[in-house]
Amino acid sequence: MGNRINFLDIPYERGQTHPGLKYSSEYFKRYLDQSSLYTSLDFKFKKGHHEPDHWSYKKVYSELDLNNFKLEFYQSAFEQLNTIYAECKPMVNWGGDHSIAIATVTAFLNYFPEGYVIWIDAHADINIPASSLTGNLHGTPASFLLNIDNIGQRQIPWTKHFLSPQRLIYIGLRDLDPFEEDLIYCLGVKVYSMKSVSELGLSYIMDEVKAYVNEAPVHVTFDIDSIDPMYAPCTGVPVPGGLDRNEILYIARQLSTAQVKSLDIVEINPLLGSKEDLEKTFSLALEFLTELYVTEKRSFHERSYTANSV
Ligand SMILES: [Mn+2]
């Protein structure tokens with residue numbers, strides 16, 4: 001029996017500088033055709049949302065620059081998501097760089113203003129344009145979604161609902177700018193950094209996360225660079241010391257399939273890395289999806305986990 005998931009590619013790559021992210025969904029589909037890895041997922045591919053060709057990359061260091069960055073393209077992705085979101089759950093949004101969260105999270109909040117966002121990432125992506133050291137939009141989406149300094153109101157006026165800091169949960173952080181650290185501390189966002197993963201253990205952390213979100217709807221935004229580059233090397237900003245294969249699959253199993261209404265998978269760049277690196281990265285992404293969405297496997301895993309943990 002297939003587990004139907006709706007798949008939308010949003011191959012925006014101009015929120016960062018490495019070309020290749022726009023081919024990610026294409027490579028993933030090819031990988032699915034060739035892979036010997038078993039999955040009982042039944043992907044329903046929707047016509048995706050592509051960046052206009054004439055859009056040229058521009059670094060973003062201030063809100064003034066941002067106006068030239070044309071966030072209206074994200075608005076059209078939001079609008080497309082909105083029209084299909086109602087009848088298409090669960091929804092997998094395949095990036096692209098992490099700036100697509102500007103579209104995907106606003107679409108989620110439009111349906112579930114009381115929902116939670118679990119942001120799995122090595123980076124917090126919470127710079128404001130003026131604080132960004134790189135000028136790359138993919139390091140800023142959380143600040144728009146949280147409406148820091150009213151930047152959301154000015155730059156993404158299509159959304160009625162901003163994310164409250166209490167409804168954001170980070171997992172896997174390990175590479176933050178000082179501005180981001182201060183901001184997260186002031187906002188009181190829940191953070192499970194890699195340091196807390198090693199100190200508390202993921203089973204403690206996921207129990208806490210599940211108790212915290214309770215029955216509320218959840219959007220997971222999964223940056224592949226949360227994983228250690230040893231297991232998922234094809235990404236533009238790799239940071240050592242990340243989650244290992246077992247840890248990310250454990251997180252996927254612990255999340256309730258019914259509760260996760262939508263998921264982003266971002267920052268897989270098929271042009272960075274060898275053939276072997278590609279195989280590693282895409283197989284891990286597919287395993288993550290399988291553990292998250294194949295409900296009938298869950299009880300088996302839970303049993304085996306209980307058995308192993310005594
Ligand atoms: Mn990210």
# chains A, B, ... in the order shown; residues from 1 in each chain; ligands from 1

call {"tool": "residues_around", "arguments": {"residues": "region 10-16 of chain A", "least_positions_apart": "5", "cutoff": "6 Å", "atoms": "only C-alpha atoms", "output": "count of residues only"}}
result
15

call {"tool": "residues_near_ligand", "arguments": {"ligand": "ligand 1", "cutoff": "12 Å", "atoms": "only C-alpha atoms and all ligand atoms", "output": "count of residues only"}}
result
52

call {"tool": "closest_atom_pairs", "arguments": {"of": "region 191-210 of chain A", "to": "region 251-262 of chain A", "cutoff": "9 Å", "atoms": "only C-alpha atoms", "output": "JSON lines"}}
result
{"residue": "A:Leu202", "atom": "CA", "partner": "A:Ile251", "partner_atom": "CA", "distance": 7.7}
{"residue": "A:Ser203", "atom": "CA", "partner": "A:Ile251", "partner_atom": "CA", "distance": 8.6}
{"residue": "A:Met206", "atom": "CA", "partner": "A:Gln254", "partner_atom": "CA", "distance": 6.8}
{"residue": "A:Asp207", "atom": "CA", "partner": "A:Gln254", "partner_atom": "CA", "distance": 8.4}
{"residue": "A:Lys210", "atom": "CA", "partner": "A:Leu255", "partner_atom": "CA", "distance": 7.7}

call {"tool": "residues_around", "arguments": {"residues": "Ala232 (chain A)", "least_positions_apart": "5", "cutoff": "10 Å", "atoms": "only C-alpha atoms", "output": "short mmCIF file (atom, residue, chain, number, x, y, z; two decimals) with N, CA and C atoms, in the first residue's frame"}}
result
data_model
loop_
_atom_site.label_atom_id
_atom_site.label_comp_id
_atom_site.auth_asym_id
_atom_site.auth_seq_id
_atom_site.Cartn_x
_atom_site.Cartn_y
_atom_site.Cartn_z
N ILE A 224 19.31 20.26 4.86
CA ILE A 224 20.16 19.07 4.83
C ILE A 224 21.49 19.32 5.54
N ASP A 225 21.88 20.60 5.68
CA ASP A 225 23.16 20.86 6.35
C ASP A 225 23.08 20.68 7.88
N SER A 226 21.88 20.37 8.39
CA SER A 226 21.79 19.97 9.80
C SER A 226 22.53 18.64 10.02
N ILE A 227 22.58 17.84 8.96
CA ILE A 227 23.26 16.54 9.02
C ILE A 227 24.76 16.74 8.90
N PRO A 238 28.47 23.46 4.39
CA PRO A 238 28.58 22.33 5.32
C PRO A 238 29.26 22.75 6.63
N GLY A 242 27.57 17.65 12.90
CA GLY A 242 26.11 17.64 12.78
C GLY A 242 25.46 16.34 13.23
N LEU A 243 24.17 16.24 12.99
CA LEU A 243 23.42 15.04 13.32
C LEU A 243 23.92 13.88 12.47
N ASP A 244 23.96 12.71 13.06
CA ASP A 244 24.35 11.56 12.23
C ASP A 244 23.10 10.91 11.66
N ARG A 245 23.31 9.87 10.87
CA ARG A 245 22.22 9.23 10.15
C ARG A 245 21.14 8.71 11.11
N ILE A 268 19.96 20.87 -0.79
CA ILE A 268 20.69 19.74 -1.39
C ILE A 268 21.15 20.18 -2.77
N GLY A 273 29.82 17.80 -5.11
CA GLY A 273 30.12 16.47 -4.61
C GLY A 273 30.20 15.44 -5.71
N ASP A 277 28.87 10.94 -3.20
CA ASP A 277 28.29 11.94 -2.29
C ASP A 277 26.80 12.14 -2.58
N LEU A 278 26.47 12.16 -3.89
CA LEU A 278 25.08 12.31 -4.29
C LEU A 278 24.23 11.16 -3.77
N GLU A 279 24.76 9.96 -3.94
CA GLU A 279 24.06 8.76 -3.49
C GLU A 279 23.79 8.85 -1.98
N LYS A 280 24.83 9.24 -1.23
CA LYS A 280 24.68 9.37 0.24
C LYS A 280 23.60 10.36 0.59
N THR A 281 23.66 11.54 -0.03
CA THR A 281 22.78 12.63 0.35
C THR A 281 21.32 12.32 -0.02
N PHE A 282 21.10 11.87 -1.26
CA PHE A 282 19.72 11.59 -1.67
C PHE A 282 19.14 10.38 -0.96
N SER A 283 19.98 9.38 -0.69
CA SER A 283 19.42 8.21 0.01
C SER A 283 19.02 8.59 1.43
N LEU A 284 19.79 9.46 2.06
CA LEU A 284 19.42 9.89 3.41
C LEU A 284 18.12 10.70 3.39
N ALA A 285 17.99 11.57 2.38
CA ALA A 285 16.75 12.35 2.27
C ALA A 285 15.55 11.42 2.06
#

call {"tool": "residues_around", "arguments": {"residues": "Ala86 (chain A)", "least_positions_apart": "6", "cutoff": "12 Å", "atoms": "only C-alpha atoms", "output": "list in words"}}
result
Asn6, Glu79, Gln80, Ala107, Phe108, Asn110, Tyr111, Phe112, Lys261 and Ser262 of chain A

call {"tool": "select_by_dssp", "arguments": {"residues": "region 53-139 of chain A", "states": "alpha helix (DSSP H)", "output": "PyMOL selection string"}}
result
chain A and resi 63-69+72-85+101-111

call {"tool": "residues_around", "arguments": {"residues": "Leu286 (chain A)", "least_positions_apart": "6", "cutoff": "9 Å", "atoms": "only C-alpha atoms", "output": "ChimeraX atom specification"}}
result
/A:28,32,37,39

call {"tool": "write_last_selection", "arguments": {"atoms": "C-alpha atoms", "output": "compact mmCIF listing (two decimals), in the first residue's frame"}}
result
# COMPACT_ATOMS: atom_id res chain seq x y z
CA PHE A 28 15.90 13.45 -6.72
CA LEU A 32 13.98 7.63 -7.14
CA LEU A 37 16.38 1.62 -1.71
CA THR A 39 10.24 3.04 -0.16

call {"tool": "closest_residue", "arguments": {"among": "A:Val117, A:Leu109, A:Leu8, A:Ile128", "to": "Phe43 (chain A)", "atoms": "only C-alpha atoms"}}
result
A:Leu8

call {"tool": "atom_distance", "arguments": {"atom1": "CA of Ala103 (chain A)", "atom2": "CA of Tyr74 (chain A)"}}
result
5.4 Å

call {"tool": "closest_residue", "arguments": {"among": "A:Ile84, A:Thr159, A:Gln75, A:Phe69", "to": "Lys47 (chain A)", "atoms": "only C-alpha atoms"}}
result
A:Ile84

call {"tool": "atom_distance", "arguments": {"atom1": "CA of Gln166 (chain A)", "atom2": "CA of Val189 (chain A)"}}
result
6.0 Å

call {"tool": "closest_residue", "arguments": {"among": "A:Thr134, A:Pro157, A:Asp9, A:Gly241", "to": "Pro229 (chain A)", "atoms": "only C-alpha atoms"}}
result
A:Gly241

call {"tool": "atom_distance", "arguments": {"atom1": "CA of Pro19 (chain A)", "atom2": "CA of Thr106 (chain A)"}}
result
25.6 Å

call {"tool": "select_by_dssp", "arguments": {"residues": "region 58-251 of chain A", "states": "strand (DSSP E)", "output": "list of chain:residue names"}}
result
A:Met91, A:Val92, A:Asn93, A:Trp94, A:Gly95, A:Tyr116, A:Val117, A:Ile118, A:Trp119, A:Ile120, A:Leu168, A:Ile169, A:Tyr170, A:Ile171, A:Gly172, A:Leu173, A:Lys190, A:Val191, A:Tyr192, A:Ser193, A:Val218, A:His219, A:Val220, A:Thr221, A:Phe222, A:Asp223

call {"tool": "write_last_selection", "arguments": {"atoms": "C-alpha atoms", "output": "PDB file, in the first residue's frame"}}
result
ATOM      1  CA  MET A  91       3.014  18.382   1.266  1.00  0.00           C
ATOM      2  CA  VAL A  92       6.740  18.118   0.624  1.00  0.00           C
ATOM      3  CA  ASN A  93       8.358  21.301  -0.672  1.00  0.00           C
ATOM      4  CA  TRP A  94      11.659  20.469  -2.297  1.00  0.00           C
ATOM      5  CA  GLY A  95      14.136  23.375  -2.567  1.00  0.00           C
ATOM      6  CA  TYR A 116       4.498  25.138  15.237  1.00  0.00           C
ATOM      7  CA  VAL A 117       7.582  25.247  13.035  1.00  0.00           C
ATOM      8  CA  ILE A 118      10.412  22.802  13.688  1.00  0.00           C
ATOM      9  CA  TRP A 119      13.523  24.198  12.029  1.00  0.00           C
ATOM     10  CA  ILE A 120      16.218  21.540  11.621  1.00  0.00           C
ATOM     11  CA  LEU A 168       9.535  28.066  16.640  1.00  0.00           C
ATOM     12  CA  ILE A 169      11.802  25.185  17.667  1.00  0.00           C
ATOM     13  CA  TYR A 170      15.344  24.802  16.377  1.00  0.00           C
ATOM     14  CA  ILE A 171      17.188  21.490  16.260  1.00  0.00           C
ATOM     15  CA  GLY A 172      20.805  20.940  15.203  1.00  0.00           C
ATOM     16  CA  LEU A 173      22.196  24.490  15.417  1.00  0.00           C
ATOM     17  CA  LYS A 190      13.479  27.053  21.986  1.00  0.00           C
ATOM     18  CA  VAL A 191      16.839  25.811  20.737  1.00  0.00           C
ATOM     19  CA  TYR A 192      18.274  22.320  20.754  1.00  0.00           C
ATOM     20  CA  SER A 193      21.790  22.922  19.506  1.00  0.00           C
ATOM     21  CA  VAL A 218       3.514  21.187  12.645  1.00  0.00           C
ATOM     22  CA  HIS A 219       5.577  22.364   9.698  1.00  0.00           C
ATOM     23  CA  VAL A 220       9.080  20.901   9.513  1.00  0.00           C
ATOM     24  CA  THR A 221      11.679  22.857   7.619  1.00  0.00           C
ATOM     25  CA  PHE A 222      14.624  20.545   7.121  1.00  0.00           C
ATOM     26  CA  ASP A 223      17.927  21.938   5.942  1.00  0.00           C
TER      27      ASP A 223
END
